[in-house]
>>> print(open('data05.csv').read())   # CSV, C-alpha atoms and all ligand atoms
chain,number,residue,atom,x,y,z
A,367,MET,CA,139.0,161.7,184.8
A,368,LYS,CA,136.0,161.7,182.4
A,369,PRO,CA,133.8,164.8,182.2
A,370,SER,CA,130.4,164.1,183.6
A,371,ILE,CA,128.1,162.3,181.2
A,372,ASP,CA,124.3,162.6,181.0
A,373,LEU,CA,122.0,159.6,181.3
A,374,ILE,CA,118.9,160.1,179.1
A,375,LEU,CA,115.8,158.0,179.1
A,376,GLY,CA,114.7,156.9,175.7
A,377,THR,CA,111.0,156.5,174.7
A,378,ALA,CA,111.2,154.8,171.3
A,379,LEU,CA,109.5,151.6,172.4
A,380,TRP,CA,106.7,153.3,174.5
A,381,ALA,CA,103.3,152.4,173.1
A,382,TRP,CA,105.0,149.5,171.4
A,383,THR,CA,106.7,146.9,173.6
A,384,VAL,CA,106.4,149.2,176.6
A,385,SER,CA,102.9,149.8,177.8
A,386,LYS,CA,101.7,153.1,179.3
A,387,GLU,CA,101.8,151.5,182.8
A,388,GLN,CA,105.4,150.3,182.3
A,389,ALA,CA,106.4,153.7,180.9
A,390,PHE,CA,104.9,155.4,183.9
A,391,GLN,CA,106.9,153.1,186.3
A,392,LEU,CA,110.1,153.8,184.3
A,393,LEU,CA,109.5,157.6,184.6
A,394,ASP,CA,108.7,157.3,188.3
A,395,LYS,CA,112.0,155.4,189.0
A,396,PHE,CA,114.1,157.6,186.7
A,397,TYR,CA,112.8,160.8,188.1
A,398,GLU,CA,113.0,159.6,191.8
A,399,ALA,CA,116.7,158.7,191.1
A,400,GLY,CA,117.3,162.4,190.3
A,401,TYR,CA,117.6,162.1,186.5
A,402,ARG,CA,115.7,164.6,184.3
A,403,TRP,CA,116.6,164.1,180.6
A,404,ILE,CA,114.0,162.4,178.4
A,405,ASP,CA,114.6,161.7,174.7
A,406,ALA,CA,111.5,161.8,172.5
A,407,ALA,CA,110.5,162.2,168.9
A,408,THR,CA,107.4,163.0,166.9
A,409,ASN,CA,107.4,159.6,165.2
A,410,TYR,CA,107.8,157.4,168.3
A,411,PRO,CA,106.9,154.6,168.3
A,412,ILE,CA,108.1,153.8,164.7
A,413,ASN,CA,106.0,150.7,164.6
A,414,LYS,CA,104.4,151.4,161.2
A,415,ASN,CA,101.0,151.6,162.9
A,416,ALA,CA,99.6,155.1,161.8
A,417,ASN,CA,97.2,155.0,164.8
A,418,ASP,CA,100.2,155.2,167.1
A,419,PHE,CA,101.8,158.3,165.6
A,420,ARG,CA,102.9,160.5,168.5
A,421,ALA,CA,101.6,158.0,171.1
A,422,SER,CA,104.9,157.8,172.9
A,423,GLU,CA,105.0,161.6,173.6
A,424,GLY,CA,101.4,161.3,174.6
A,425,ILE,CA,102.4,159.0,177.4
A,426,LEU,CA,105.1,161.4,178.5
A,427,CYS,CA,102.6,164.3,178.6
A,428,GLU,CA,100.1,162.3,180.6
A,429,TRP,CA,102.8,161.4,183.2
A,430,ILE,CA,103.9,165.0,183.5
A,431,LYS,CA,100.3,166.1,184.0
A,432,ALA,CA,99.5,163.3,186.4
A,433,ASN,CA,102.5,164.1,188.6
A,434,GLY,CA,102.6,167.9,188.2
A,435,VAL,CA,106.2,167.7,187.3
A,436,GLN,CA,107.8,170.9,186.2
A,437,ASP,CA,111.5,170.3,185.9
A,438,LEU,CA,112.0,167.6,183.3
A,439,LYS,CA,114.4,168.3,180.4
A,440,VAL,CA,112.6,167.1,177.2
A,441,LEU,CA,114.7,166.6,174.1
A,442,MET,CA,112.3,166.5,171.2
A,443,LYS,CA,113.4,165.3,167.7
A,444,ILE,CA,111.3,166.9,165.0
A,445,GLY,CA,110.8,166.7,161.3
A,446,SER,CA,109.1,163.3,160.8
A,447,ILE,CA,105.6,163.4,159.4
A,448,ASN,CA,104.7,159.7,160.0
A,449,ASN,CA,105.8,156.7,162.1
A,450,LEU,CA,106.0,154.3,159.1
A,451,TYR,CA,109.8,154.1,159.1
A,452,THR,CA,110.1,156.0,155.9
A,453,PRO,CA,112.6,158.9,155.4
A,454,GLU,CA,109.8,161.4,154.6
A,455,ASN,CA,110.0,164.5,156.7
A,456,ASN,CA,109.5,168.2,156.7
A,457,LEU,CA,112.2,170.6,157.7
A,458,THR,CA,110.8,173.7,156.0
A,459,PRO,CA,111.0,176.8,158.2
A,460,SER,CA,107.2,177.0,158.5
A,461,PHE,CA,106.8,173.4,159.6
A,462,ILE,CA,109.7,173.8,162.1
A,463,GLN,CA,108.0,176.8,163.6
A,464,ILE,CA,104.6,175.1,163.8
A,465,ILE,CA,105.9,171.9,165.4
A,466,TYR,CA,108.0,174.0,167.8
A,467,ASN,CA,104.9,176.0,168.9
A,468,GLU,CA,103.1,172.7,169.4
A,469,TYR,CA,105.8,171.3,171.7
A,470,LEU,CA,106.1,174.6,173.5
A,471,HIS,CA,102.4,174.3,174.2
A,472,LEU,CA,102.8,170.7,175.4
A,473,PHE,CA,106.0,171.0,177.5
A,474,GLY,CA,106.4,174.7,178.2
A,475,GLU,CA,109.8,175.4,179.9
A,476,GLN,CA,110.5,171.6,180.1
A,477,LEU,CA,111.2,171.7,176.4
A,478,ALA,CA,115.0,171.9,176.8
A,479,GLU,CA,116.2,170.8,173.4
A,480,VAL,CA,115.0,170.4,169.8
A,481,MET,CA,116.8,168.2,167.3
A,482,VAL,CA,116.6,167.8,163.6
A,483,HIS,CA,115.5,164.3,163.1
A,484,TRP,CA,116.8,162.6,160.0
A,485,ASP,CA,118.0,164.8,157.1
A,486,ASN,CA,119.0,163.3,153.8
A,487,ARG,CA,119.2,166.6,152.0
A,488,ALA,CA,122.4,167.7,150.2
A,489,GLU,CA,121.1,171.2,149.3
A,490,ALA,CA,122.9,173.8,151.3
A,491,ASP,CA,120.2,176.5,150.7
A,492,ALA,CA,117.4,174.3,152.0
A,493,ILE,CA,119.5,173.4,155.1
A,494,ARG,CA,120.4,177.1,155.7
A,495,ALA,CA,116.6,177.9,155.7
A,496,SER,CA,116.0,175.2,158.4
A,497,LEU,CA,118.9,176.6,160.4
A,498,LEU,CA,117.5,180.1,160.3
A,499,ALA,CA,114.2,178.7,161.8
A,500,LEU,CA,116.2,176.8,164.4
A,501,ASP,CA,118.2,179.9,165.2
A,502,ARG,CA,114.9,181.7,166.2
A,503,ILE,CA,114.2,178.8,168.6
A,504,ARG,CA,117.7,178.9,170.0
A,505,GLN,CA,117.1,182.6,170.8
A,506,GLU,CA,114.2,181.5,173.0
A,507,GLY,CA,116.7,179.5,175.2
A,508,VAL,CA,116.1,176.1,173.7
A,509,LYS,CA,119.2,174.0,172.8
A,510,ILE,CA,119.4,172.8,169.2
A,511,GLY,CA,120.8,169.5,168.0
A,512,LEU,CA,121.2,167.0,165.2
A,513,SER,CA,120.3,163.4,164.7
A,514,GLY,CA,120.4,161.2,161.6
A,515,ILE,CA,122.2,163.7,159.3
A,516,LYS,CA,123.3,162.2,156.0
A,517,HIS,CA,125.6,165.1,155.1
A,518,PRO,CA,127.0,166.4,158.3
A,519,ALA,CA,129.8,168.3,156.5
A,520,ILE,CA,127.2,170.7,155.0
A,521,TYR,CA,125.9,171.5,158.5
A,522,HIS,CA,129.4,172.0,159.7
A,523,GLU,CA,130.3,174.4,156.9
A,524,LEU,CA,127.0,176.4,157.3
A,525,ASN,CA,127.6,176.6,161.0
A,526,SER,CA,130.5,179.1,160.6
A,527,SER,CA,127.8,181.8,160.2
A,528,PHE,CA,125.5,180.4,162.9
A,529,GLY,CA,127.7,179.2,165.7
A,530,PHE,CA,125.4,176.5,167.0
A,531,ASP,CA,126.9,174.3,169.8
A,532,TRP,CA,125.2,171.2,168.6
A,533,ASP,CA,124.5,168.1,170.5
A,534,ILE,CA,124.5,165.2,168.0
A,535,GLN,CA,122.7,161.9,168.5
A,536,LEU,CA,124.5,159.0,166.9
A,537,LYS,CA,124.2,155.2,166.7
A,538,HIS,CA,127.2,153.9,168.6
A,539,ASN,CA,127.7,150.3,169.8
A,540,LEU,CA,130.0,147.3,169.7
A,541,VAL,CA,128.8,146.3,166.2
A,542,TYR,CA,128.3,149.6,164.4
A,543,SER,CA,129.1,153.3,164.8
A,544,ASP,CA,128.3,156.5,163.0
A,545,TYR,CA,131.1,158.4,164.8
A,546,ASP,CA,133.4,158.5,161.7
A,547,ARG,CA,130.6,160.0,159.6
A,548,TYR,CA,130.6,163.0,162.0
A,549,SER,CA,134.3,163.5,161.7
A,550,ALA,CA,133.8,167.3,161.1
A,551,PHE,CA,132.5,167.5,164.7
A,552,HIS,CA,135.1,165.4,166.5
A,553,GLY,CA,137.1,166.8,169.3
A,554,GLN,CA,134.4,168.0,171.7
A,555,ALA,CA,132.0,166.0,174.0
A,556,ARG,CA,128.8,166.6,172.0
A,557,PHE,CA,127.7,163.1,171.1
A,558,LEU,CA,124.6,161.4,172.6
A,559,ALA,CA,124.9,157.7,171.9
A,560,TYR,CA,121.8,155.6,171.1
A,561,GLY,CA,121.2,152.0,170.3
A,562,ILE,CA,124.1,151.0,172.6
A,563,ASN,CA,122.9,147.4,172.8
A,564,ALA,CA,122.6,147.3,169.0
A,565,GLY,CA,118.8,147.2,169.4
A,566,GLY,CA,118.7,144.8,172.4
A,567,LEU,CA,121.4,142.1,172.1
A,568,LYS,CA,121.8,139.9,175.1
A,569,PHE,CA,124.2,137.2,176.3
A,570,PRO,CA,123.2,133.6,175.4
A,571,SER,CA,122.2,133.0,179.0
A,572,ALA,CA,119.3,135.5,178.5
A,573,THR,CA,116.4,134.6,176.2
A,574,TYR,CA,114.7,136.9,173.7
A,575,ARG,CA,111.1,137.3,174.6
A,576,LYS,CA,108.4,137.4,171.9
A,577,ASP,CA,108.0,141.1,172.4
A,578,SER,CA,111.8,141.7,172.8
A,579,SER,CA,113.3,144.8,171.2
A,580,THR,CA,115.2,142.6,168.7
A,581,ALA,CA,112.0,140.8,167.7
A,582,VAL,CA,109.9,143.8,167.0
A,583,ARG,CA,112.7,145.7,165.3
A,584,ASN,CA,113.9,142.7,163.2
A,585,VAL,CA,117.4,142.8,164.6
A,586,PRO,CA,119.3,139.9,163.1
A,587,THR,CA,120.6,138.4,166.3
A,588,GLU,CA,122.2,135.4,164.6
A,589,LYS,CA,124.4,137.7,162.6
A,590,TYR,CA,125.9,139.1,165.9
A,591,GLN,CA,126.2,135.7,167.7
A,592,ASP,CA,129.9,135.4,167.3
A,593,LEU,CA,130.6,138.9,168.5
A,594,VAL,CA,128.3,138.4,171.5
A,595,HIS,CA,130.2,135.2,172.3
A,596,GLU,CA,133.5,137.1,172.1
A,597,VAL,CA,132.2,139.8,174.4
A,598,ALA,CA,131.1,137.1,176.9
A,599,THR,CA,134.5,135.5,176.7
A,600,ILE,CA,136.3,138.8,177.4
A,601,LEU,CA,133.9,139.4,180.3
A,602,THR,CA,134.5,136.0,181.9
A,603,ASP,CA,138.2,136.7,181.9
A,604,TYR,CA,137.8,140.3,183.1
A,605,ASN,CA,135.5,139.1,186.0
A,606,ALA,CA,138.0,136.4,186.9
A,607,HIS,CA,140.8,139.0,187.3
A,608,SER,CA,138.8,141.8,188.8
A,609,SER,CA,138.2,142.6,192.5
A,610,LEU,CA,135.0,144.4,191.5
A,611,GLU,CA,131.5,142.8,191.6
A,612,ALA,CA,131.1,140.5,188.6
A,613,LEU,CA,129.3,142.0,185.5
A,614,THR,CA,126.7,139.7,184.0
A,615,ARG,CA,124.8,141.6,181.3
A,616,PHE,CA,125.6,142.5,177.7
A,617,ASN,CA,124.0,145.8,178.5
A,618,GLU,CA,126.8,146.5,181.1
A,619,CYS,CA,129.4,145.9,178.4
A,620,SER,CA,127.5,148.2,176.1
A,621,MET,CA,127.5,150.9,178.7
A,622,VAL,CA,131.2,150.5,179.5
A,623,TYR,CA,132.0,150.7,175.8
A,624,THR,CA,129.9,153.8,175.3
A,625,TYR,CA,130.9,155.6,178.4
A,626,TYR,CA,134.6,155.6,177.6
A,627,SER,CA,134.2,156.2,173.8
A,628,PRO,CA,135.6,159.5,172.6
A,629,ASP,CA,133.5,162.7,172.6
A,630,ILE,CA,130.5,161.1,174.4
A,631,LYS,CA,128.4,163.6,176.2
A,632,GLY,CA,125.4,161.5,177.0
A,633,ILE,CA,124.0,157.9,176.9
A,634,LEU,CA,120.5,157.2,175.7
A,635,VAL,CA,119.2,154.2,177.6
A,636,GLY,CA,116.1,152.3,176.5
A,637,PRO,CA,115.1,149.9,179.3
A,638,SER,CA,111.8,148.1,178.7
A,639,LYS,CA,111.3,147.0,182.3
A,640,THR,CA,111.9,148.7,185.7
A,641,ALA,CA,114.3,145.9,186.7
A,642,GLN,CA,116.4,146.8,183.6
A,643,LEU,CA,116.3,150.5,184.5
A,644,GLN,CA,117.3,149.7,188.1
A,645,SER,CA,120.4,147.7,186.9
A,646,THR,CA,121.2,150.4,184.4
A,647,LEU,CA,121.1,153.1,187.1
A,648,THR,CA,123.2,151.1,189.5
A,649,PHE,CA,125.8,150.3,186.9
A,650,PHE,CA,125.9,153.9,185.7
A,651,GLU,CA,126.9,154.9,189.3
A,652,GLN,CA,129.8,152.4,189.1
A,653,LEU,CA,130.9,153.9,185.8
A,654,GLN,CA,130.9,157.4,187.3
A,655,ALA,CA,133.0,156.1,190.2
A,656,GLY,CA,135.7,155.4,187.6
A,657,GLN,CA,135.3,151.6,187.4
A,658,HIS,CA,135.8,149.4,184.3
A,659,GLU,CA,138.1,151.4,182.1
A,660,GLU,CA,140.3,148.3,181.6
A,661,LEU,CA,137.2,146.5,180.2
A,662,TYR,CA,136.6,149.3,177.8
A,663,ASN,CA,140.1,148.9,176.4
A,664,ARG,CA,139.5,145.2,175.7
A,665,LEU,CA,136.1,145.9,174.2
A,666,ALA,CA,137.4,148.7,172.0
A,667,ALA,CA,140.1,146.3,170.7
A,668,LEU,CA,137.4,143.8,169.8
A,669,SER,CA,135.0,146.3,168.2
A,670,SER,CA,135.6,147.4,164.6
A,671,ASN,CA,134.7,150.8,165.8
A,672,GLY,CA,137.5,150.9,168.3
A,701,LIG,N1,118.3,159.5,167.0
A,701,LIG,C1,117.8,158.4,166.5
A,701,LIG,O1,117.6,158.2,165.3
A,701,LIG,C2,117.5,157.3,167.5
A,701,LIG,C3,117.3,156.0,167.0
A,701,LIG,C4,117.1,155.0,167.9
A,701,LIG,C5,116.9,155.3,169.3
A,701,LIG,N2,117.0,156.5,169.7
A,701,LIG,C6,116.8,156.8,171.2
A,701,LIG,O2,117.6,156.1,172.0
A,701,LIG,C7,116.9,155.3,172.9
A,701,LIG,C8,117.6,153.9,173.2
A,701,LIG,O3,117.8,153.3,171.9
A,701,LIG,P1,117.5,151.8,171.7
A,701,LIG,O4,116.2,151.4,172.2
A,701,LIG,O5,117.8,151.5,170.2
A,701,LIG,O6,118.6,151.1,172.6
A,701,LIG,P2,119.3,149.7,172.8
A,701,LIG,O7,119.9,149.8,174.2
A,701,LIG,O8,120.1,149.3,171.7
A,701,LIG,O9,118.0,148.7,172.9
A,701,LIG,C9,117.1,148.7,174.0
A,701,LIG,C10,116.8,147.3,174.4
A,701,LIG,O10,118.0,146.8,175.1
A,701,LIG,C11,117.6,145.9,176.1
A,701,LIG,N3,118.1,146.5,177.4
A,701,LIG,C12,118.2,147.8,177.7
A,701,LIG,N4,118.7,148.0,179.0
A,701,LIG,C13,118.8,146.7,179.5
A,701,LIG,C14,119.3,146.2,180.7
A,701,LIG,N5,119.6,147.0,181.7
A,701,LIG,N6,119.3,144.8,180.9
A,701,LIG,C15,119.0,144.0,179.8
A,701,LIG,N7,118.5,144.5,178.6
A,701,LIG,C16,118.5,145.8,178.5
A,701,LIG,C17,116.1,145.9,176.1
A,701,LIG,O11,115.7,144.8,175.3
A,701,LIG,P3,114.3,144.0,175.6
A,701,LIG,O12,113.2,145.0,175.7
A,701,LIG,O13,114.2,143.1,174.5
A,701,LIG,O14,114.5,143.3,177.0
A,701,LIG,C18,115.7,147.2,175.5
A,701,LIG,O15,114.4,147.3,174.9
A,701,LIG,C19,115.5,155.1,172.3
A,701,LIG,O16,114.5,154.9,173.2
A,701,LIG,C20,115.4,156.5,171.6
A,701,LIG,O17,114.9,157.5,172.6
A,701,LIG,C21,117.3,157.5,168.9
>>> encode(input="data05.csv", output="structure tokens")
Amino acid sequence: MKPSIDLILGTALWAWTVSKEQAFQLLDKFYEAGYRWIDAATNYPINKNANDFRASEGILCEWIKANGVQDLKVLMKIGSINNLYTPENNLTPSFIQIIYNEYLHLFGEQLAEVMVHWDNRAEADAIRASLLALDRIRQEGVKIGLSGIKHPAIYHELNSSFGFDWDIQLKHNLVYSDYDRYSAFHGQARFLAYGINAGGLKFPSATYRKDSSTAVRNVPTEKYQDLVHEVATILTDYNAHSSLEALTRFNECSMVYTYYSPDIKGILVGPSKTAQLQSTLTFFEQLQAGQHEELYNRLAALSSNG
């Protein structure tokens, strides 16, 4: 039996392909269904439009205020200083403290987790200074995590004197995975998987809209055409031999693959429409009921990550 896995609503496309009205509807549905974890980041949406810097979190704040909600769990990724898709960030202790104070002001007790967002540094002393600042935040009852860390082994080594129980966000899907890079942290369910659809891949039966996730993020869908076909073939055979309701979406295969992958603690989902969110929620319930492990085995054999 799998340990329970969190479902976390992503906000990377809000104020980009997802309008404020759509985001409000997604939040309504997600919240009504009983889920509470929301993933955010200072630099969302990363659409290279400086005017939109922090626009995604702005929508979240507006929705919280409009609905008087007090029990969300906001996971905020910090460090970025623009939304231009550059690696520039600031993880100095003073900036960490300033941005933490800002989010505490915006979210209060709903600020449940703060994550380092992208760190290419290889200097242990600079990383230790960041960890000291994060340790002070942890002492206030906020969980601390990591995302987009180029040298995880340095964090792992320094952690012997801090003892953080990190959550780690990692890209993990049928075409690519960062799991091996975090080998120092394997063996415990601490990974929150993002990009599970490889940025929005679909089966050939579905068309990519002009404002699809793959279009705005320049995902090379042709490059993954063969893999998508192979997944579709596996699924057709699986459906034919299964007594369960037939699966129809690439997203369902992505969720199966992620759900059963080792050390997964949570799945970040990024639906752009309420219908997508509804199908995701329905399917997540099926996964929790223990269905589709056999499909995972077949997908894992196909994936180079498996
Ligand atoms: N830590 C990091 O560095 C990092 C990086 C990336 C993302 N994230 C987080 O993870 C979240 C999800 O990541 P992602 O957007 O890259 O995920 P993704 O699942 O790879 O792509 C999302 C896209 O997949 C399609 N999709 C999702 N659910 C679907 C469904 N039920 N049926 C059909 N299509 C579906 C939609 O495409 P269309 O809109 O084209 O229909 C959606 O926009 C983000 O919002 C963000 O919070 C974190």
>>> closest_atom_pairs(input="data05.csv", of="stretch 459-520 of chain A", to="stretch 544-548 of chain A", cutoff="12 Å", atoms="all atoms listed in the file", output="CSV")
residue,atom,partner,partner_atom,distance
A:Leu512,CA,A:Tyr548,CA,10.7
A:Ser513,CA,A:Tyr548,CA,10.7
A:Gly514,CA,A:Asp544,CA,9.3
A:Ile515,CA,A:Tyr548,CA,8.9
A:Lys516,CA,A:Arg547,CA,8.4
A:His517,CA,A:Arg547,CA,8.4
A:Pro518,CA,A:Tyr548,CA,6.2
A:Ala519,CA,A:Tyr548,CA,7.7
A:Ile520,CA,A:Tyr548,CA,10.9
>>> atom_distance(input="data05.csv", atom1="atom CA of A:Glu468", atom2="atom CA of A:Lys414")
22.9 Å
>>> closest_residue(input="data05.csv", among="A:Glu479, A:Glu660, A:Asp485, A:Glu651", to="A:Asn455", atoms="all atoms listed in the file")
A:Asp485
>>> residues_around(input="data05.csv", residues="stretch 572-579 of chain A", least_positions_apart="5", cutoff="10 Å", atoms="all atoms listed in the file", output="number ranges by chain")
A: 379, 382-384, 564-567, 584-585, 587, 615-616, 636-638
>>> atom_distance(input="data05.csv", atom1="atom C11 of ligand LIG 701 (chain A)", atom2="atom CA of A:Glu618")
10.5 Å
>>> closest_residue(input="data05.csv", among="A:Cys427, A:Leu524, A:Val635, A:Met621", to="ligand LIG 701 (chain A)", atoms="only C-alpha atoms and all ligand atoms")
A:Val635
>>> residues_around(input="data05.csv", residues="A:Val480", least_positions_apart="6", cutoff="8 Å", atoms="only C-alpha atoms", output="ChimeraX atom specification")
/A:441-444,508-511
>>> residues_around(input="data05.csv", residues="stretch 536-541 of chain A", least_positions_apart="4", cutoff="10 Å", atoms="all atoms listed in the file", output="number ranges by chain")
A: 512-515, 545, 547-548, 557-565, 590, 593-594, 597, 619-621, 623-624, 627, 630, 633-634, 665-666, 668-672
>>> closest_residue(input="data05.csv", among="A:Lys631, A:His471, A:Arg494, A:Lys431", to="A:Phe390", atoms="only C-alpha atoms")
A:Lys431
>>> atom_distance(input="data05.csv", atom1="atom CA of A:Asn449", atom2="atom CA of A:Arg402")
25.6 Å
